[in-house]
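Student: Input: one structure, supplied below.
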Amino acid sequence: MAQMIPNIIEPVEVSWQKELAQAYRDPKKLLQDLQLDPAEYESGFAARKLFPVMVPRPFMRRMQKGNPEDPLLRQVITDPREFQDVPGYSTDPLDEQHSAVPGLLHKYQSRVLMIVRGGCAVNCRYCFRRHFPYADNALSRGDWQHALDYIAADKRIDEVIYSGGDPLMAKDDFLAWLTGQVEGIAHVQRLRIHSRLPVVIPSRLTPALIDWFCGGRLKPVLVLHINHANEIDQALADKLSALRQAGVTLLNQAVLLKGVNDSVTAQVNLSEALFRVGVLPYYLHLLDKVQGAAHFDMQEQQAREIMAGIIRRLPGYLVPKLVREIGNQPGKTPLDLHLHPDSGKSGDLSGESIDSRA
C-alpha cells in the first residue's frame with residue numbers, strides 16, 4: 001500500500017480540491033441548477049454577508065430538483081430569519097471562544113480538541129461556530145508546538161480530537177505531520193476526527209488519508225456529521241467501506257433540525273441508512289442556540305416525543321443519544337425522556353404523527 005500511494009495521491013487530492021473550488025458560493029446559481037425560482041428566496045440572499053454560502057456540487061447532486069422542501073437544501077440555503085436577534089441565542093453558545101492555548105480547546109478532562117482548520121467544505125446555516133474567531137486560531141507548524149506541549153504536560157489526556165471548521169480541509173501532508181507529533185505523546189491513545197467534508201465530497205477520503213490516519217499506534221475514530229438519509233450515496237458508501245477495512249471506528253452525530261429531520265420516520269431512516277454503510281449513530285444534538293439559526297430550533301418536549309418513537313422502532317444500538325451541549329459543562333447533557341408505556345404510540349407506526357411541524 002505504501003508503495004502505491006505516490007502513484008495515485010496526486011490526482012486523487014486534486015480531485016477533492018477541485019470539487020471544493022467548484023462549490024456553489026452564489027445561492028441564486030444553486031437554486032437555478034435545482035430548477036427552483038431564485039426570486040422566491042431573494043429576501044434571504046443578504047444573509048450570505050452574515051455567513052458565506054458554500055455548497056459542494058456532489059452534495060447538491062443529492063438534492064431533489066424542483067423540490068423547495070428538500071431536506072439537504074434547507075440546511076444550506078440562506079434565510080431572512082438569520083437576521084433576527086432572538087433572545088437566548090448567542091454568538092458563542094458553548095462558551096468556547098477562549099482556549100487553553102491558541103488552537104486548542106480543553107473542554108473535557110480526558111480529551112482535547114484541536115482547531116486544525118477554520119474553513120468548511122459546506123456552510124450549514126445552523127452551524128454553532130458560524131461566529132467563531134477562526135483567525136485567532138490559525139497556526140503555523142511552529143505555533144502548534146505550544147498545543148502539543150500542553151497535551152504532553154497533562155497525562156489525563158488520552159484522546160485528541162481534530163476539529164474546526166473542518167480538519168480535513170487541511171492537506172494530507174500537514175495532517176500526517178501533526179498526527180506524527182501527537183503519536184509521539186505516550187499517554188494519548190486515540191485520535192478522533194470530526195468531519196462533514198467526506199459526506200459532501202467523498203473523494204476527500206484519499207489513500208493518503210487512510211495511511212496517516214490508520215498507519216500508527218493511535219486508535220482511529222471518525223465521527224461524521226450526517227443529518228438525513230438522503231445525504232448518503234454510493235460514492236460515500238464506497239469510501240467508508242475502505243475506512244472500515246483499515247480499522248477505523250465510524251460514528252455519526254446529527255442535529256435535530258426543524259423542517260429537515262424532525263420526525264420519527266426521518267430519524268429511523270437515517271439510523272438504518274447509517275448502519276447499511278457501517279456507521280453507528282452516536283449523538284442526536286438539540287440545536288446549539290447560536291444567533292442566526294433560531295428558525296431551526298424546536299422544543300425539548302417535541303424532541304423527547306420523537307425519541308420515544310425512535311426507541312419503539314429501532315434496536316438500542318441504532319438509537320442515538322439525545323443530548324444538549326451546555327457551555328462549561330464536563331460533558332454532553334442527556335435529555336431525560338421519562339418514557340410512558342404508550343409514549344410514541346399516537347397514530348400509526350409510521351411515526352409521522354410525532355412531528356414538530358404538526
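Identifiers for the C-alpha cells are assigned positionally: chains receive A, B, ... in sequence, residues are indexed from 1 per chain, and ligands are indexed from 1 in the order shown.
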For range 271-286 of chain A, work out the shell of residues within 10 Å, counting only C-alpha atoms and skipping chain neighbours fewer than 4 positions away, then give it as a ChimeraX atom specification.

Tutor: /A:222-234,236-241,243-244,249-257,265-267,296-300,303,307,310,314,317-325,332-335

Student: Taking the DSSP secondary structure from the backbone, can you list the residues of range 103-133 of chain A that are strand (DSSP E), as a PyMOL selection string?

Tutor: chain A and resi 104-108+111-117

Student: Which of range 92-257 of chain A counts as alpha helix (DSSP H) under DSSP, as a PyMOL selection string please?

Tutor: chain A and resi 144-153+172-183+197-200+207-214+234-245

Student: Restricting the calculation to only C-alpha atoms: of A:Asp166, A:Asp211, A:Asp172, A:Asp336, which residue gets closest to Cys127 in chain A?

Tutor: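 Smallest distance to Cys127 in chain A is found for A:Asp166.
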
Student: Let me make sure I understand: among A:Leu50, A:Ile161, A:Val122, A:Val116, which one has the smallest atom-to-atom distance to Trp144 in chain A if we use only C-alpha atoms?

Tutor: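 Nearest candidate to Trp144 in chain A out of A:Leu50, A:Ile161, A:Val122, A:Val116: A:Val116.
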
Student: Just to confirm, what's the straight-line distance from CA of Ser110 in chain A to CA of His146 in chain A in Å (one decimal)?

Tutor: 18.2 Å

Student: Quick one: residues within 12 Å of range 181-193 of chain A, only C-alpha atoms, excluding same-chain residues fewer than 5 positions away - as a ChimeraX atom specification?

Tutor: /A:110-116,141-142,144-169,174-176,198,209,212-225,248-252

Student: Kindly give the distance, in Å, that separates CA of Ala121 in chain A and CA of Asp26 in chain A, rounded to a single decimal.

Tutor: 14.5 Å

Student: Go through A:Leu197, A:Ala39, A:Ala23, A:Ala208 one by one, measure the shortest atom-to-atom distance of each to Asp173 in chain A using only C-alpha atoms, and give the residue with the smallest value.

Tutor: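 That would be A:Ala208, the residue with the smallest distance to Asp173 in chain A.
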
Student: Could you check which of A:Gly309, A:Pro315, A:Gly119, A:Gly259 is closest to His295 in chain A, using only C-alpha atoms?

Tutor: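 Selected residue with least distance to His295 in chain A: A:Gly259.
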
Student: Find, counting only C-alpha atoms, the residue in A:Arg74, A:Arg312, A:Lys289, A:Arg117 that gets nearest to Ser140 in chain A.

Tutor: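 Nearest candidate to Ser140 in chain A out of A:Arg74, A:Arg312, A:Lys289, A:Arg117: A:Arg117.
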
Student: Skipping near chain neighbours, those fewer than 2 positions away, what residues fall within 12 Å of range 63-67 of chain A using only C-alpha atoms, listed as a PDB file with C-alpha atoms, in the first residue's frame?

Tutor:
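For reference, part.pdb as written:
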```
ATOM      1  CA  LEU A  30     -27.556  26.888  -6.711  1.00  0.00           C
ATOM      2  CA  LEU A  31     -31.311  27.408  -6.947  1.00  0.00           C
ATOM      3  CA  GLN A  32     -31.237  27.759 -10.725  1.00  0.00           C
ATOM      4  CA  ASP A  33     -29.399  24.445 -11.072  1.00  0.00           C
ATOM      5  CA  LEU A  34     -32.023  22.872  -8.812  1.00  0.00           C
ATOM      6  CA  GLN A  35     -34.773  24.222 -11.095  1.00  0.00           C
ATOM      7  CA  LEU A  36     -36.134  26.481  -8.359  1.00  0.00           C
ATOM      8  CA  ASP A  37     -37.128  30.123  -8.800  1.00  0.00           C
ATOM      9  CA  PRO A  38     -34.474  32.308  -7.105  1.00  0.00           C
ATOM     10  CA  VAL A  55     -22.226  24.077  -1.121  1.00  0.00           C
ATOM     11  CA  PRO A  56     -20.138  21.428  -2.944  1.00  0.00           C
ATOM     12  CA  ARG A  57     -21.599  20.048  -6.143  1.00  0.00           C
ATOM     13  CA  PRO A  58     -21.519  16.380  -5.024  1.00  0.00           C
ATOM     14  CA  PHE A  59     -23.814  17.400  -2.161  1.00  0.00           C
ATOM     15  CA  MET A  60     -26.083  19.372  -4.479  1.00  0.00           C
ATOM     16  CA  ARG A  61     -26.474  16.340  -6.750  1.00  0.00           C
ATOM     17  CA  GLU A  69     -38.771  21.250   0.760  1.00  0.00           C
ATOM     18  CA  ASP A  70     -35.638  19.195   0.048  1.00  0.00           C
ATOM     19  CA  PRO A  71     -34.037  18.480   3.463  1.00  0.00           C
ATOM     20  CA  LEU A  72     -30.497  18.937   2.167  1.00  0.00           C
ATOM     21  CA  LEU A  73     -31.279  22.261   0.512  1.00  0.00           C
ATOM     22  CA  ARG A  74     -32.917  23.565   3.678  1.00  0.00           C
ATOM     23  CA  GLN A  75     -29.669  23.066   5.591  1.00  0.00           C
ATOM     24  CA  VAL A  76     -27.611  25.287   3.299  1.00  0.00           C
ATOM     25  CA  VAL A 200     -20.280  16.429   0.999  1.00  0.00           C
ATOM     26  CA  HIS A 228     -30.595  12.978   6.772  1.00  0.00           C
ATOM     27  CA  ALA A 229     -30.597   9.612   5.000  1.00  0.00           C
ATOM     28  CA  ASN A 230     -30.538  11.378   1.615  1.00  0.00           C
ATOM     29  CA  GLU A 231     -27.001  12.568   2.361  1.00  0.00           C
ATOM     30  CA  ILE A 232     -25.690   9.029   1.962  1.00  0.00           C
ATOM     31  CA  ASP A 233     -24.963   7.933  -1.602  1.00  0.00           C
TER      32      ASP A 233
END
```

Student: Neighbours of Arg81 in chain A within 10 Å (only C-alpha atoms; same-chain residues fewer than 4 positions away dropped), as a PDB file with N, CA, C and O atoms, in the first residue's frame?

Tutor:
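Result written to part_12.pdb:
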```pdb
ATOM      1  N   SER A  43     -35.200  37.291  -0.679  1.00  0.00           N
ATOM      2  CA  SER A  43     -35.185  38.049   0.576  1.00  0.00           C
ATOM      3  C   SER A  43     -34.132  37.537   1.551  1.00  0.00           C
ATOM      4  O   SER A  43     -33.743  38.259   2.481  1.00  0.00           O
ATOM      5  N   GLY A  44     -33.665  36.307   1.341  1.00  0.00           N
ATOM      6  CA  GLY A  44     -32.650  35.750   2.244  1.00  0.00           C
ATOM      7  C   GLY A  44     -31.232  35.842   1.732  1.00  0.00           C
ATOM      8  O   GLY A  44     -30.288  35.536   2.471  1.00  0.00           O
ATOM      9  N   ALA A  47     -28.187  37.246   3.666  1.00  0.00           N
ATOM     10  CA  ALA A  47     -27.629  36.524   4.813  1.00  0.00           C
ATOM     11  C   ALA A  47     -26.257  35.936   4.511  1.00  0.00           C
ATOM     12  O   ALA A  47     -25.530  35.572   5.435  1.00  0.00           O
ATOM     13  N   ASP A  85     -32.592  38.921  15.753  1.00  0.00           N
ATOM     14  CA  ASP A  85     -31.860  38.905  17.026  1.00  0.00           C
ATOM     15  C   ASP A  85     -32.784  38.292  18.075  1.00  0.00           C
ATOM     16  O   ASP A  85     -33.635  38.967  18.654  1.00  0.00           O
ATOM     17  N   VAL A  86     -32.626  36.994  18.287  1.00  0.00           N
ATOM     18  CA  VAL A  86     -33.557  36.247  19.130  1.00  0.00           C
ATOM     19  C   VAL A  86     -32.998  36.134  20.549  1.00  0.00           C
ATOM     20  O   VAL A  86     -31.870  35.673  20.736  1.00  0.00           O
ATOM     21  N   GLY A 292     -28.778  33.522  14.581  1.00  0.00           N
ATOM     22  CA  GLY A 292     -28.912  33.317  13.151  1.00  0.00           C
ATOM     23  C   GLY A 292     -29.525  31.987  12.775  1.00  0.00           C
ATOM     24  O   GLY A 292     -29.811  31.754  11.597  1.00  0.00           O
ATOM     25  N   ALA A 293     -29.736  31.116  13.769  1.00  0.00           N
ATOM     26  CA  ALA A 293     -30.239  29.767  13.458  1.00  0.00           C
ATOM     27  C   ALA A 293     -31.468  29.389  14.274  1.00  0.00           C
ATOM     28  O   ALA A 293     -31.859  28.221  14.271  1.00  0.00           O
ATOM     29  N   ALA A 294     -32.101  30.346  14.924  1.00  0.00           N
ATOM     30  CA  ALA A 294     -33.229  30.024  15.808  1.00  0.00           C
ATOM     31  C   ALA A 294     -34.377  29.357  15.061  1.00  0.00           C
ATOM     32  O   ALA A 294     -35.140  28.583  15.654  1.00  0.00           O
ATOM     33  N   HIS A 295     -34.509  29.617  13.755  1.00  0.00           N
ATOM     34  CA  HIS A 295     -35.618  29.038  12.994  1.00  0.00           C
ATOM     35  C   HIS A 295     -35.470  27.535  12.798  1.00  0.00           C
ATOM     36  O   HIS A 295     -36.413  26.867  12.373  1.00  0.00           O
ATOM     37  N   PHE A 296     -34.298  26.979  13.119  1.00  0.00           N
ATOM     38  CA  PHE A 296     -34.105  25.532  13.052  1.00  0.00           C
ATOM     39  C   PHE A 296     -34.439  24.845  14.377  1.00  0.00           C
ATOM     40  O   PHE A 296     -34.454  23.617  14.443  1.00  0.00           O
TER      41      PHE A 296
END
```
